[in-house]
Each structure stands twice: as structure tokens, then as C-alpha cells.
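Encoded as C-alpha cells, the structure appears first; notes follow it.
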Number of protein chains: 2
Amino acid sequence: MLEDSVKLFKAQLEKLRVYNHAMGVMQYDMETVMPSGAAALVGDTLGALSEAVYLLQTDAAFVEATKAILSQPDAVDAVTLCEAKRMDEARERVACIPMEEYIAYQIEATAASNAWRKAKNENDFASFLPHLEKMIDYTRRFALYYKPDAPVYDTLLDEYEKGMTVETLDAFFREVRAALVPLIEKIQKQGRQPDTSFLYKFYPKAEQRKLTEYLMNVMRLPKEHTVCGEVEHPFTTNFTKADVRITTHYYENAVHSSMYSVIHEAGHATYELNVGDELARGPLGTGVSMGVHESQSRFFENIIGRSEPFIETVYPKLKELFPEQLNGVSAHDFYLAVNMAEPSLIRTEADELTYALHIMVRYELEKKLFDGTLQPCDLPAAWNGMYREYLGIDVPDDTQGVLQDSHWSGGAFGYFPSYALGSAYGAQLLKRMEKEIDVWGFVKAQNLQPIIDWLTEHIYKYGASIDPKPLMEAAFGAPFDPKYFTDYLTEKFTGLYNL
Amino acid sequence: MLEDSVKLFKAQLEKLRVYNHAMGVMQYDMETVMPSGAAALVGDTLGALSEAVYLLQTDAAFVEATKAILSQPDAVDAVTLCEAKRMDEARERVACIPMEEYIAYQIEATAASNAWRKAKNENDFASFLPHLEKMIDYTRRFALYYKPDAPVYDTLLDEYEKGMTVETLDAFFREVRAALVPLIEKIQKQGRQPDTSFLYKFYPKAEQRKLTEYLMNVMRLPKEHTVCGEVEHPFTTNFTKADVRITTHYYENAVHSSMYSVIHEAGHATYELNVGDELARGPLGTGVSMGVHESQSRFFENIIGRSEPFIETVYPKLKELFPEQLNGVSAHDFYLAVNMAEPSLIRTEADELTYALHIMVRYELEKKLFDGTLQPCDLPAAWNGMYREYLGIDVPDDTQGVLQDSHWSGGAFGYFPSYALGSAYGAQLLKRMEKEIDVWGFVKAQNLQPIIDWLTEHIYKYGASIDPKPLMEAAFGAPFDPKYFTDYLTEKFTGLYNL
């Protein structure tokens with residue numbers, strides 16, 4: 001009896017894997033290869049496949065099998081039980097949405113994504129606005145179907161980081177802001193900035209591709225399971241640990257852009273590649289939350305990748321690939337340049353210190369969009385106002401302003417705080433790791449494997465089988481405390497700027 | 001009542017489109033992007049999607065709706081009626097195969113494809129042999145399920161070119177061989193060959209990519225609906241006319257290889273891009289047969305692309321991209337070089353004249369494989385023997401011999417004759433076209449649009465709604481006659497070699 005339920009449950013999970021695999025490949029293809037004129041077609045196909053996923057997730061026999069497993073927790077193995085819990089949660093989020101709305105949303109998400117890409121290219125917020133309005137409307141409606149009595153934005157935050165609320169994040173950002181704003185002011189007041197001009201020389205794409213290949217090796221990404229595509233806005237996607245794709249965007253006049261996006265995405269990929277084999281094909285075979293995911297990408301990008309010992313080990317390769325561009329530039333000069341702290345326009349290219357301010361802008365705007373105090377049509381003005389207030393800079397156009405990120409076009413509202421949380425998680429992880437292994441000794445030897453092994457042992461191998469809070473507390477050996485993050489930044493930037 | 005049948009029928013066609021779209025994108029991704037370690041995973045996913053397709057095709061309600069439409073031919077529109085006929089035929093081919101075998105075959109096809117790629121790279125026929133044996137075995141079994149009393153190879157030929165039989169092809173190849181062999185001998189006896197050394201200089205991939213872009217423009221492929229990927233063995237795939245993908249392979253020591261593969265694949269793409277809008281989303285919205293398809297690809301590759309007027313118009317671009325490599329080489333020299341007729345090892349790089357001999361080798365071997373007079377393990381020896389007999393050359397290894405083509409690994413037995421048939425169709429089409437429009441005037445003006453328009457009017461717009469034989473006879477204005485092909489080649493090569 002229970003055996004039959006488990007069999008049916010597992011068979012249905014495999015079907016879900018199949019549809020998600022197909023949809024994932026189609027989405028990757030859409031971003032990397034597909035000709036633009038096929039957008040409507042792929043929208044229809046993804047819509048129909050979403051319908052199949054919806055039907056599988058809410059299928060009565062599947063729900064019954066899931067419940068049967070949950071009702072006999074001692075009679076099944078731990079993995080199956082945990083899979084049943086996850087599927088039950090996922091179903092609750094989805095089953096409350098009428099199917100037609102769910103599919104219409106999927107189709108609109110594809111249309112909105114394509115409209116955003118065009119609007120960003122053409123600096124035309126107005127053409128994106130109707131899509132944005134629809135995405136916000138769907139998102140709000142779906143959140144209320146799921147939790148009619150909860151504040152909408154809390155429901156959204158919880159989707160990307162289970163248990164996260166506005167209350168917790170307000171406190172977190174307050175503490176971060178209190179520490180960072182005076183530090184940033186100090187740097188601006190003392191007036192000295194490193195030379196960064198060499199970063200903006202001409203760096204041909206072909207050579208940058210070789211740098212990507214090198215960095216993927218340094219990051220220990222296995223060639224048989226990882227590729228790097230070229231896209232407008234870099235991301236990572238995975239179809240079980242057998243196929244993990246990273247992406248980047250090459251700017252020929254800014255070598256550090258792709259360099260650090262590759263390390264960032266390689267951090268995401270490393271997480272996915274090291275999930276436990278016994279979880280790999282099921283719903284637990286992936287990262288547990290966006291906060292934990294971003295903790296890995298930003299750990300490798302910033303804490304490791306922007307450290308002086310790391311830069312010293314990769315610098316010979318940079319000199320080999322770009323001898324003219326880096327003529328007379330030392331590893332230390334490069335280290336100073338890629339760590340220059342200065343308020344800027346573009347989040348993905350912001351330095352480690354001012355980055356959190358970019359997130360705060362988005363967090364505040366999202367809060368207002370969902371408590372109804374800000375209309376989507378007023379977003380550009382609000383965006384520009386907050387960049388002035390938080391970062392002290394003027395936004396020249398929407399392409400470099402409110403249209404810069406892809407997230408909202410894909411319906412990812414409540415995602416941005418994960419980046420700041422992830423950064424903070426990473427700093428606390430570092431402290432713990434330093435107590436147990438010789439982190440900087442390994443970095444100096446360009447041997448990242450023991451660091452990846454430590455993270456695998458404490459985080460990766462669990463996939464999505466442990467909720468983010470207990471997972472991270474066990475890895476920290478303590479409750480989460482943003483002080484590690486503010487201390488880390490204060491120490492690093494005090495040193496960099498001799499404050 | 002009939003209205004309900006039509007509605008159900010159309011809804012099911014759309015579902016089939018969705019699955020085929022997803023599978024097509026995954027297959028394209030597998031060939032162009034996917035890391036090798038994901039082969040088993042994608043095999044499982046494609047297997048499961050094939051199962052869904054099988055179930056849709058053979059679904060009782062769908063079959064009933066199809067029969068209802070077929071039983072009232074005057075009560076439905078012509079497109080729907082024709083779609084019902086095609087779906088009924090397709091179902092007959094599939095429904096006779098037990099589902100488990102059908103799915104096992106799909107999974108094996110993916111495994112065989114990947115095994116072939118590896119075996120070709122490593123010149124290791126033995127590692128491919130078990131896969132090849134399985135593919136042959138499945139193919140034979142499926143043909144016998146479908147037509148237990150027909151010769152297996154006739155059933156296979158019919159799949160790629162409806163109505164084609166061994167009897168017809170034997171007669172066709174006899175006529176072709178009778179004309180070409182003496183012509184090839186004449187050329188070899190007179191002993192002069194053009195200089196081709198400049199084709200084999202170093203042609204960097206980056207510049208070849210620019211040539212591809214240029215040729216895609218010359219061929220009038222719309223950027224919004226076409227892209228070119230890079231693969232081991234070039235092919236074209238389409239997901240309705242909104243998304244038609246061509247592919248190529250760049251050899252940095254052979255500029256004409258990718259150049260002519262791009263024109264060839266662009267010919268396939270042109271066909272797909274110009275199917276009638278009213279057919280586009282359904283089963284008729286694609287080329288009708290492989291013979292007709294190859295007639296288009298080989299028409300553009302050889303009859304147009306290897307003509308002197310065409311080469312004269314693209315040559316300035318070649319000189320611009322490769323000034324050093326083509327220093328001192330005239331358009332006429334280039335024309336002579338890319339038309340050098342000489343028996344060679346690789347089918348895809350064979351000249352227009354000896355090409356048919358490569359096909360005859362494969363045709364003879366396939367006949368023997370399926371009448372049981374040749375065992376798969378004996379293929380390399382048989383292959384090498386026939387290359388000696390038909391082309392007078394020694395095959396140095398299996399990579400350049402029996403492993404060179406992808407077709408058999410994908411289960412495409414009976415496909416090869418389409419290439420020779422297509423070449424012959426093209427020559428007869430040219431004669432008819434020359435009577436109606438100023439073909440060579442347009443080529444000289446590098447204006448291929450009127451030629452594409454003529455082909456659209458006579459062939460492309462009908463998609464798969466008219467069977468190959470009546471379609472081509474109407475386009476020719478006469479029955480098919482291979483004499484046009486042998487006359488065309490005789491005239492062209494007599495001129496080229498001053499025979």
C-alpha cells in the first residue's frame with residue numbers, strides 16, 4: 001500500500017523532472033541562441049509545458065500518494081519523506097492558483113522577458129510598463145491566493161528565503177546601512193582613488209573567452225558537466241548536477257565585468273555540482289534558497305575572487321592574455337582597481353562595499369510596489385530619486401536605471417534581498433571556515449578544492465533537504481549575525497584605503 | 001459533432017507541436033551546447049517526451065476524431081483534411097510498435113548518437129558497433145511491424161521519399177552511373193587539375209563566422225527567424241517557420257567546407273521559412289520529404305553556389321575577409337578550385353560530380369544490411385571495398401570511412417538516396433525555372449529573391465500538403481527524368497575541363 005504510494009510518487013517526480021528539464025533547456029536556449037522572432041512561439045510552448053507541470057503537481061493521485069507518505073514518516077526513508085514535504089509545500093503554492101491564470105502568467109512571463117530586453121536596448125520604459133504592470137498584478141494575486149491574510153511582500157520574500165520577513169530585513173538593512181554609509185563617506189572624504197583606467201582598455205572578446213575557460217578551471221568546474229553561454233544578463237541554470245550551465249556577457253571595454261561574473265556564476269554552479277548524489281534527480285537535488293545560493297556566488301566572487309591572494313595567483317594568466325593592456329600594471333594595482341569603492345549606476349558592476357545600497361533601493365521600491373504606495377508607472381522617478389538619496393548619483397537614463405535588471409520582467413519580486421543576505425552569510429561562513437581550514441593558504445596555492453569540500457560538507461551536499469535557517473546556523477555554528485559582514489567590509493576597506 | 005472532432009483534433013495537434021518543439025530544442029542543444037556528461041540525462045528526458053508523443057499520436061479520442069474528419073472530406077477545409085491524412089499515416093507507422101520498444105528506441109538513438117560522436121573522434125568502430133547493431137535491429141523490426149510483407153528497405157525508403165522503391169532507385173542509379181563514370185574517367189585521363197592549394201591555407205574561425213553572416217544575408221535568411229550554430233556534422237532544424245536553425249562546422253584549413261555547408265543548410269532553411277502561413281503550426285508546416293528537401297539544399301549549394309556567376313558576386317567579400325590567403329587568386333581560379341572533380345574520401349566535401357558515387361556506396365550497403373547479406377560487423381571492410389571499387393581510392397581509417405556520417409547513429413537508414421535524388425530534382429527544376437525567369441540574370445545581380453519566390457510558388461508554400469511525386473511533377477511540368485541531371489553535369493564538367 002505505502003509501497004505503491006512511494007512508487008507512484010517517485011514516478012511522478014521523474015515526470016516533473018522531465019518537464020522541468022525541457023523547460024529549462026528551452027529557457028536557456030531562448031536567452032543564448034534563439035532568434036528573436038520565435039519569442040511568441042516559445043512562449044506558447046513554455047505555457048503548455050507549464051500546464052503539464054501544474055497538472056502533475058496538483059494531480060489527485062499524486063497528492064494522495066504524497067499525503068500517504070507524510071502520514072507514515074517512520075515507514076519511509078529520509079530522502080523520500082523530505083521530498084514529499086517539499087512537493088506538498090510546492091503544491092500548496094500552486095494549487096491555489098486557477099490553472100488558466102497560472103498558464104497565462106507563464107506565457108506573460110516569457111513575453112515580459114522579451115519586452116524587457118527590447119526596452120532596455122532602446123531605453124524605452126513605456127514599452128515595458130504594461131508587461132511590468134501585468135507581472136506585478138499576477139504576483140500580487142498569486143501571493144494572496146496562497147496567503148490571503150499575510151502581507152504580500154512577506155509572502156514573496158518567503159518564496160526566495162524561507163521564513164524571511166520585512167521585519168527581519170528592515171532590521172538587517174538598518175544595521176548594514178548604519179555601518180556602511182559612514183565608511184563610504186569616509187572613503188569619499190579622503191579623496192584618493194586607485195587608478196582603474198587600465199580595466200577599461202580594449203579587451204577582445206576572443207581573449208576574454210580564454211580567460212573564462214581559465215577561471216572555470218580555477219573554480220574546478222568539470223568540463224563534462226559545465227558550459228558557459230553568452231547572454232545579456234548572466235545567470236546559472238542546472239538540469240540536475242549532470243548539466244550545469246553558467247553564462248556571461250563580454251564587454252570589450254571592461255575586462256573585470258565578465259571576469260567577476262564568471263566567478264560569481266561559477267559559485268552558483270559549484271553549489272549545484274556538489275549536491276548529494278542520492279538527491280540529484282529529485283526536487284531536493286538543487287540549492288535550497290536564493291539567499292544561500294547568493295552566499296556561494298558572492299563568496300567566490302568577492303571574498304575569494306576580490307582578495308589580494310587570489311588576484312596574485314590569477315594575475316600571471318591575465319598578463320599573458322592581455323600583455324599590452326596591463327603593461328606596467330602590478331597585481332596589487334589590479335587588486336586596488338577591482339576593489340575601488342565608489343557609488344555607481346549599475347548593480348552588477350558595483351563594488352563590494354556600495355553593492356548593498358543598490359539592493360536597498362530595490363528592496364524599498366518592491367516594498368512600496370506591493371503595499372500599494374508606489375505605482376509601476378512612477379517607478380523610474382522613484383528609482384532615480386532613491387539613487388540620488390542612497391548613492392548620491394544621478395541616473396542618466398532608464399537603461400542604466402530601472403531597466404538594468406532582468407528580475408522583475410521574469411516575475412522575481414522579493415529576490416533582490418537574497419544578494420545582500422547572501423553577502424552577509426558569506427562573511428560569517430568565512431570566519432567559521434578560517435577556524436577549521438587554512439583558507440588563505442589554499443587560495444595562495446590556487447587550490448580551491450579544500451574550500452569547495454568544506455562547503456560541500458556543510459552546505460552543498462544537503463541540496464534542498466534542510467531549510468535555509470537551520471542549514472546556515474549549523475554551518476556558522478551560531479545564529480546568523482550581520483555583524484560578521486559589516487566587520488569584514490570595515491576591515492577590508494579600512495585596509496584598502498588606509499582609513 | 002464534426003465540429004467537436006475538429007476542435008479536439010486541432011488541440012491535440014497543438015500538443016504534439018509543443019512536445020516536438022521541446023524535443024527539437026533539446027536535440028539542437030545537445031548537438032551545439034550541452035556538456036558531454038549530460039548525455040544520459042537528456043536521453044532519459046527525450047525518451048519520456050517521446051512516450052508522451054506516442055501516447056498523443058495513438059490516443060483513442062484523437063484517432064476517433066481523425067477518422068471522423070476523414071469520413072466527411074467535403075465537410076472540412078482542405079488544410080484540416082490533409083492534416084488528418086498525414087496524422088493517420090503517421091499514426092499507422094507508430095501505433096504498430098509496442099510503446100516500450102518505441103521509447104527504448106528513442107533512448108538508444110540518443111545513446112547511439114553520442115557513442116558515434118566519440119567513436120568517430122577516436123577512430124573506434126568497435127565501440128560504436130553494439131549501438132549500430134541495435135539501431136539496425138530496431139529499424140528492421142519497426143519496418144516489419146508496419147509492413148510485414150514488404151521488403152524492409154522499400155519500407156525505409158518510403159519513409160524519406162514517399163513511393164520510392166529499390167526498383168526505381170536501382171534504375172535511377174544505373175542511369176546516373178552510366179553517365180558519370182565515363183565522365184569522371186575522362187577527367188582523370190586528361191590529367192589536368194586546377195590549383196586548389198589556396199583553399200587549404202589558414203582561415204581563422206572568427207573571419208569564417210563573418211563569411212557565414214554574409215552568406216546568410218545573400219541567401220535572404222531573416223535574422224529574426226534564423227541562427228547558425230556550430231556542430232560536428234552540419235544540419236538544419238526548424239520549430240515552425242518562426243525559428244529555423246542552420247549549423248556549420250569550421251575547419252580552419254579549408255575555407256570552402258563551411259562556406260558550402262552554410263549555403264547547403266540555407267537551402268533547407270529557405271524551404272522551411274517559406275511554407276504557407278496557414279500550414280505553419282500544424283503537421284503540414286514543414287518540407288514534404290527528404291528528397292525534395294535535399295533538392296533545395298543541393299540546388300543552392302551546387303547549381304547556384306558553385307556556378308561562376310554566383311562566385312563572381314561573393315568573391316569581393318571573400319577577398320575582403322581573406323586578402324592574404326586569396327592573394328593573386330581570381331574569382332575564376334576560385335570557381336575552378338571549388339569545382340575540382342576528383343574521387344575523395346568524405347561525402348560532405350565531395351565535388352558535385354563524384355558526389356553521387358558516395359551515395360551509391362551507402363545505398364548498396366544499406367540494401368545489403370537490410371536484406372541480410374551484410375552483417376554490421378563487416379561494414380568497415382565492405383565500405384572500404386566499395387570505395388575502392390566505385391571511387392578507386394583507399395580508405396585510411398574508419399573516421400574517414402564508415403564513421404564519417406551521423407545518419408546511421410540516429411536511425412536514418414534509407415535517407416542517403418535522398419541526396420542523389422535531390423540533386424537530380426534540382427537539375428530538372430533549373431531547366432523549368434530558366435524558361436520562366438531570368439535565373440542567371442538574378443544570380444549575377446546577387447538577387448536570389450525572385451528564385452526563392454519561384455520556388456516558393458511551386459514548392460515551398462505547399463509544405464507537406466502535397467506528396468513529393470505530384471508536387472515535383474507539377475513543378476517540373478513533366479515526369480521526373482534523371483537525364484536533366486546527367487546532362488547538366490556533363491555540360492558543366494565538359495566546360496570546366498575543356499573535354
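We name chains A, B, ... following the order of the C-alpha cells; residues begin at 1 in each chain, and ligands are numbered from 1 as shown.
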
Practice task
Dump as a list in words the residues of chain A that approach chain B to within 7 Å, counting only C-alpha atoms.
Solution key: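 Taken together, these residues fit the definition: Val18, Ala22, Val25, Met26, Pro35, Ser36, Gly37, Ala38, Thr45, Ala48, Lys223, Glu224, His225, Thr226, Val227, Ala242 and Asp243 of chain A.
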
Write the residues you've just listed into a file as a PDB file, in the first residue's frame, and include N, CA and C atoms for each of them.
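Below you can see again_4.pdb, which holds the result:
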ATOM      1  N   VAL A  18      11.400  15.636 -16.006  1.00  0.00           N
ATOM      2  CA  VAL A  18      11.430  15.681 -17.471  1.00  0.00           C
ATOM      3  C   VAL A  18      10.905  17.033 -17.986  1.00  0.00           C
ATOM      4  N   ALA A  22      13.072  19.986 -19.857  1.00  0.00           N
ATOM      5  CA  ALA A  22      12.736  20.525 -21.181  1.00  0.00           C
ATOM      6  C   ALA A  22      12.533  22.045 -21.113  1.00  0.00           C
ATOM      7  N   VAL A  25      15.931  23.844 -20.586  1.00  0.00           N
ATOM      8  CA  VAL A  25      16.748  23.916 -21.798  1.00  0.00           C
ATOM      9  C   VAL A  25      16.156  24.960 -22.749  1.00  0.00           C
ATOM     10  N   MET A  26      14.822  24.984 -22.867  1.00  0.00           N
ATOM     11  CA  MET A  26      14.201  25.958 -23.769  1.00  0.00           C
ATOM     12  C   MET A  26      14.451  27.394 -23.297  1.00  0.00           C
ATOM     13  N   PRO A  35      16.506  32.863 -32.217  1.00  0.00           N
ATOM     14  CA  PRO A  35      16.270  34.125 -32.915  1.00  0.00           C
ATOM     15  C   PRO A  35      15.052  34.848 -32.317  1.00  0.00           C
ATOM     16  N   SER A  36      15.096  36.170 -32.343  1.00  0.00           N
ATOM     17  CA  SER A  36      14.084  36.968 -31.628  1.00  0.00           C
ATOM     18  C   SER A  36      12.667  36.713 -32.117  1.00  0.00           C
ATOM     19  N   GLY A  37      12.522  36.399 -33.399  1.00  0.00           N
ATOM     20  CA  GLY A  37      11.183  36.224 -33.963  1.00  0.00           C
ATOM     21  C   GLY A  37      10.455  34.993 -33.467  1.00  0.00           C
ATOM     22  N   ALA A  38      11.122  34.170 -32.663  1.00  0.00           N
ATOM     23  CA  ALA A  38      10.490  32.950 -32.167  1.00  0.00           C
ATOM     24  C   ALA A  38       9.943  33.127 -30.754  1.00  0.00           C
ATOM     25  N   THR A  45       4.819  27.418 -26.197  1.00  0.00           N
ATOM     26  CA  THR A  45       5.296  26.088 -25.807  1.00  0.00           C
ATOM     27  C   THR A  45       5.574  26.024 -24.305  1.00  0.00           C
ATOM     28  N   ALA A  48       2.335  25.798 -22.466  1.00  0.00           N
ATOM     29  CA  ALA A  48       1.721  24.463 -22.494  1.00  0.00           C
ATOM     30  C   ALA A  48       2.463  23.495 -21.575  1.00  0.00           C
ATOM     31  N   LYS A 223      34.525  20.022 -17.015  1.00  0.00           N
ATOM     32  CA  LYS A 223      34.141  20.269 -18.420  1.00  0.00           C
ATOM     33  C   LYS A 223      32.981  19.379 -18.871  1.00  0.00           C
ATOM     34  N   GLU A 224      32.931  18.145 -18.359  1.00  0.00           N
ATOM     35  CA  GLU A 224      31.876  17.220 -18.806  1.00  0.00           C
ATOM     36  C   GLU A 224      30.502  17.640 -18.304  1.00  0.00           C
ATOM     37  N   HIS A 225      30.463  18.559 -17.355  1.00  0.00           N
ATOM     38  CA  HIS A 225      29.159  18.906 -16.772  1.00  0.00           C
ATOM     39  C   HIS A 225      28.852  20.404 -16.779  1.00  0.00           C
ATOM     40  N   THR A 226      29.747  21.203 -17.343  1.00  0.00           N
ATOM     41  CA  THR A 226      29.528  22.655 -17.307  1.00  0.00           C
ATOM     42  C   THR A 226      29.907  23.308 -18.621  1.00  0.00           C
ATOM     43  N   VAL A 227      29.096  24.244 -19.054  1.00  0.00           N
ATOM     44  CA  VAL A 227      29.456  25.089 -20.196  1.00  0.00           C
ATOM     45  C   VAL A 227      29.164  26.533 -19.824  1.00  0.00           C
ATOM     46  N   ALA A 242      24.272  16.882 -13.503  1.00  0.00           N
ATOM     47  CA  ALA A 242      24.961  16.405 -14.702  1.00  0.00           C
ATOM     48  C   ALA A 242      25.129  17.510 -15.748  1.00  0.00           C
ATOM     49  N   ASP A 243      24.385  18.588 -15.612  1.00  0.00           N
ATOM     50  CA  ASP A 243      24.386  19.627 -16.652  1.00  0.00           C
ATOM     51  C   ASP A 243      24.102  20.972 -15.996  1.00  0.00           C
TER      52      ASP A 243
END

Practice task
Identify, with DSSP run on backbone atoms, the residues in segment 241-363 of chain A assigned to strand (DSSP E or B), and express the list as a list of chain:residue names.
Solution key: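 These are the residues in question: A:Val244, A:Arg245, A:Ile246, A:Thr247, A:Thr248.
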
Problem - Shell of 9 Å around Arg432 of chain B, only C-alpha atoms, local chain residues under 3 positions omitted, as a PyMOL selection string - result: chain B and resi 428-429+435-436+475-477

Based on the selection just made, write C-alpha atoms of those residues as a CSV table (one decimal), in the first residue's frame.
chain,number,residue,atom,x,y,z
B,428,GLN,CA,15.3,19.4,-63.7
B,429,LEU,CA,13.9,22.3,-61.7
B,435,LYS,CA,12.1,29.0,-69.1
B,436,GLU,CA,10.1,31.2,-66.8
B,475,ALA,CA,6.9,22.0,-60.6
B,476,PHE,CA,8.8,20.3,-63.5
B,477,GLY,CA,5.7,20.4,-65.7

Practice task
Compile the contact shell of Asp371 of chain B as a PyMOL selection string: residues with an atom at most 8 Å away, counting only C-alpha atoms, same-chain residues fewer than 2 positions apart removed.
Solution key: chain B and resi 151-153+367-369+373-374

Generate a file of the selected residues that holds all heavy atoms, formatted as a PDB file, in the first residue's frame.
ATOM      1  N   PRO B 151       9.422  -5.697 -48.615  1.00  0.00           N
ATOM      2  CA  PRO B 151      10.861  -5.731 -48.355  1.00  0.00           C
ATOM      3  C   PRO B 151      11.210  -4.564 -47.400  1.00  0.00           C
ATOM      4  O   PRO B 151      10.746  -3.442 -47.598  1.00  0.00           O
ATOM      5  CB  PRO B 151      11.487  -5.505 -49.731  1.00  0.00           C
ATOM      6  CG  PRO B 151      10.409  -5.813 -50.714  1.00  0.00           C
ATOM      7  CD  PRO B 151       9.115  -5.495 -50.037  1.00  0.00           C
ATOM      8  N   VAL B 152      12.001  -4.868 -46.378  1.00  0.00           N
ATOM      9  CA  VAL B 152      12.294  -3.864 -45.344  1.00  0.00           C
ATOM     10  C   VAL B 152      12.842  -2.572 -45.940  1.00  0.00           C
ATOM     11  O   VAL B 152      12.402  -1.470 -45.588  1.00  0.00           O
ATOM     12  CB  VAL B 152      13.282  -4.447 -44.306  1.00  0.00           C
ATOM     13  CG1 VAL B 152      13.818  -3.351 -43.394  1.00  0.00           C
ATOM     14  CG2 VAL B 152      12.581  -5.519 -43.477  1.00  0.00           C
ATOM     15  N   TYR B 153      13.783  -2.690 -46.860  1.00  0.00           N
ATOM     16  CA  TYR B 153      14.433  -1.466 -47.347  1.00  0.00           C
ATOM     17  C   TYR B 153      13.466  -0.589 -48.144  1.00  0.00           C
ATOM     18  O   TYR B 153      13.572   0.644 -48.098  1.00  0.00           O
ATOM     19  CB  TYR B 153      15.682  -1.817 -48.163  1.00  0.00           C
ATOM     20  CG  TYR B 153      16.617  -0.639 -48.353  1.00  0.00           C
ATOM     21  CD1 TYR B 153      17.023   0.151 -47.269  1.00  0.00           C
ATOM     22  CD2 TYR B 153      17.093  -0.298 -49.620  1.00  0.00           C
ATOM     23  CE1 TYR B 153      17.881   1.228 -47.444  1.00  0.00           C
ATOM     24  CE2 TYR B 153      17.949   0.781 -49.802  1.00  0.00           C
ATOM     25  CZ  TYR B 153      18.337   1.543 -48.711  1.00  0.00           C
ATOM     26  OH  TYR B 153      19.177   2.630 -48.890  1.00  0.00           O
ATOM     27  N   LYS B 367      21.152  -1.533 -48.613  1.00  0.00           N
ATOM     28  CA  LYS B 367      20.363  -2.629 -49.198  1.00  0.00           C
ATOM     29  C   LYS B 367      20.805  -3.957 -48.602  1.00  0.00           C
ATOM     30  O   LYS B 367      19.990  -4.786 -48.193  1.00  0.00           O
ATOM     31  CB  LYS B 367      20.576  -2.672 -50.728  1.00  0.00           C
ATOM     32  CG  LYS B 367      19.630  -1.794 -51.511  1.00  0.00           C
ATOM     33  CD  LYS B 367      19.470  -2.260 -52.968  1.00  0.00           C
ATOM     34  CE  LYS B 367      20.746  -2.135 -53.777  1.00  0.00           C
ATOM     35  NZ  LYS B 367      20.541  -2.422 -55.208  1.00  0.00           N
ATOM     36  N   LYS B 368      22.137  -4.151 -48.554  1.00  0.00           N
ATOM     37  CA  LYS B 368      22.672  -5.430 -48.061  1.00  0.00           C
ATOM     38  C   LYS B 368      22.431  -5.614 -46.569  1.00  0.00           C
ATOM     39  O   LYS B 368      22.181  -6.717 -46.101  1.00  0.00           O
ATOM     40  CB  LYS B 368      24.169  -5.516 -48.360  1.00  0.00           C
ATOM     41  CG  LYS B 368      24.438  -5.737 -49.839  1.00  0.00           C
ATOM     42  CD  LYS B 368      25.908  -5.908 -50.125  1.00  0.00           C
ATOM     43  CE  LYS B 368      26.113  -6.083 -51.635  1.00  0.00           C
ATOM     44  NZ  LYS B 368      27.485  -5.792 -52.050  1.00  0.00           N
ATOM     45  N   LEU B 369      22.550  -4.515 -45.805  1.00  0.00           N
ATOM     46  CA  LEU B 369      22.306  -4.617 -44.360  1.00  0.00           C
ATOM     47  C   LEU B 369      20.890  -5.099 -44.099  1.00  0.00           C
ATOM     48  O   LEU B 369      20.643  -5.860 -43.174  1.00  0.00           O
ATOM     49  CB  LEU B 369      22.498  -3.249 -43.681  1.00  0.00           C
ATOM     50  CG  LEU B 369      23.930  -2.802 -43.411  1.00  0.00           C
ATOM     51  CD1 LEU B 369      23.940  -1.344 -42.923  1.00  0.00           C
ATOM     52  CD2 LEU B 369      24.596  -3.698 -42.360  1.00  0.00           C
ATOM     53  N   THR B 373      22.393  -9.717 -46.218  1.00  0.00           N
ATOM     54  CA  THR B 373      23.615 -10.258 -46.826  1.00  0.00           C
ATOM     55  C   THR B 373      24.873  -9.577 -46.297  1.00  0.00           C
ATOM     56  O   THR B 373      25.981  -9.916 -46.690  1.00  0.00           O
ATOM     57  CB  THR B 373      23.582 -10.135 -48.364  1.00  0.00           C
ATOM     58  OG1 THR B 373      23.386  -8.758 -48.703  1.00  0.00           O
ATOM     59  CG2 THR B 373      22.432 -10.949 -48.943  1.00  0.00           C
ATOM     60  N   LEU B 374      24.695  -8.583 -45.428  1.00  0.00           N
ATOM     61  CA  LEU B 374      25.865  -7.938 -44.827  1.00  0.00           C
ATOM     62  C   LEU B 374      25.607  -7.766 -43.332  1.00  0.00           C
ATOM     63  O   LEU B 374      24.549  -7.272 -42.933  1.00  0.00           O
ATOM     64  CB  LEU B 374      26.109  -6.574 -45.487  1.00  0.00           C
ATOM     65  CG  LEU B 374      27.230  -5.707 -44.894  1.00  0.00           C
ATOM     66  CD1 LEU B 374      28.599  -6.354 -45.099  1.00  0.00           C
ATOM     67  CD2 LEU B 374      27.212  -4.310 -45.513  1.00  0.00           C
TER      68      LEU B 374
END

Practice task
Please provide the set of residues having any atom within 8 Å of segment 84-87 of chain A, restricted to only C-alpha atoms, with same-chain residues fewer than 5 positions apart removed, written as a PyMOL selection string.
Solution key: chain A and resi 57+66-67+69-70+283-284

Take the residues from that selection and put them in a file with all heavy atoms, as a short mmCIF file (atom, residue, chain, number, x, y, z; two decimals), in the first residue's frame.
data_model
loop_
_atom_site.label_atom_id
_atom_site.label_comp_id
_atom_site.auth_asym_id
_atom_site.auth_seq_id
_atom_site.Cartn_x
_atom_site.Cartn_y
_atom_site.Cartn_z
N GLN A 57 1.64 18.48 -10.70
CA GLN A 57 1.81 18.89 -9.30
C GLN A 57 0.52 18.76 -8.50
O GLN A 57 0.55 18.52 -7.30
CB GLN A 57 2.28 20.35 -9.23
CG GLN A 57 3.77 20.52 -9.37
CD GLN A 57 4.19 21.94 -9.02
OE1 GLN A 57 3.76 22.90 -9.66
NE2 GLN A 57 5.00 22.08 -7.99
N THR A 66 1.42 11.57 -1.90
CA THR A 66 2.25 12.45 -1.07
C THR A 66 1.76 12.44 0.37
O THR A 66 2.54 12.31 1.32
CB THR A 66 2.22 13.88 -1.63
OG1 THR A 66 2.48 13.85 -3.03
CG2 THR A 66 3.26 14.76 -0.95
N LYS A 67 0.46 12.58 0.52
CA LYS A 67 -0.14 12.59 1.87
C LYS A 67 0.10 11.25 2.58
O LYS A 67 0.36 11.20 3.78
CB LYS A 67 -1.65 12.85 1.79
CG LYS A 67 -2.03 14.20 1.19
CD LYS A 67 -1.80 15.36 2.15
CE LYS A 67 -2.32 16.68 1.55
NZ LYS A 67 -1.65 17.85 2.14
N ILE A 69 2.58 9.25 2.21
CA ILE A 69 3.97 9.22 2.67
C ILE A 69 4.13 10.09 3.92
O ILE A 69 4.75 9.68 4.91
CB ILE A 69 4.92 9.70 1.54
CG1 ILE A 69 4.92 8.66 0.41
CG2 ILE A 69 6.33 9.93 2.08
CD1 ILE A 69 5.52 9.17 -0.90
N LEU A 70 3.53 11.26 3.89
CA LEU A 70 3.66 12.18 5.03
C LEU A 70 2.99 11.62 6.29
O LEU A 70 3.41 11.94 7.41
CB LEU A 70 3.06 13.54 4.68
CG LEU A 70 3.82 14.35 3.62
CD1 LEU A 70 3.05 15.61 3.25
CD2 LEU A 70 5.21 14.72 4.12
N PRO A 283 13.43 16.61 -6.37
CA PRO A 283 13.21 18.03 -6.07
C PRO A 283 14.19 18.57 -5.02
O PRO A 283 14.28 19.78 -4.85
CB PRO A 283 11.77 18.07 -5.54
CG PRO A 283 11.49 16.68 -5.07
CD PRO A 283 12.30 15.77 -5.92
N LEU A 284 14.93 17.71 -4.35
CA LEU A 284 15.90 18.19 -3.36
C LEU A 284 17.28 18.35 -3.97
O LEU A 284 18.20 18.83 -3.30
CB LEU A 284 16.00 17.19 -2.19
CG LEU A 284 14.68 16.77 -1.54
CD1 LEU A 284 14.93 15.71 -0.47
CD2 LEU A 284 13.97 17.99 -0.93
#

Practice task
Name the residues in contact with Ala424 of chain A at a cut-off of 7 Å, using only C-alpha atoms, excluding same-chain residues fewer than 4 positions from it; report them as a VMD selection string.
Solution key: chain A and resid 420 428 482 485
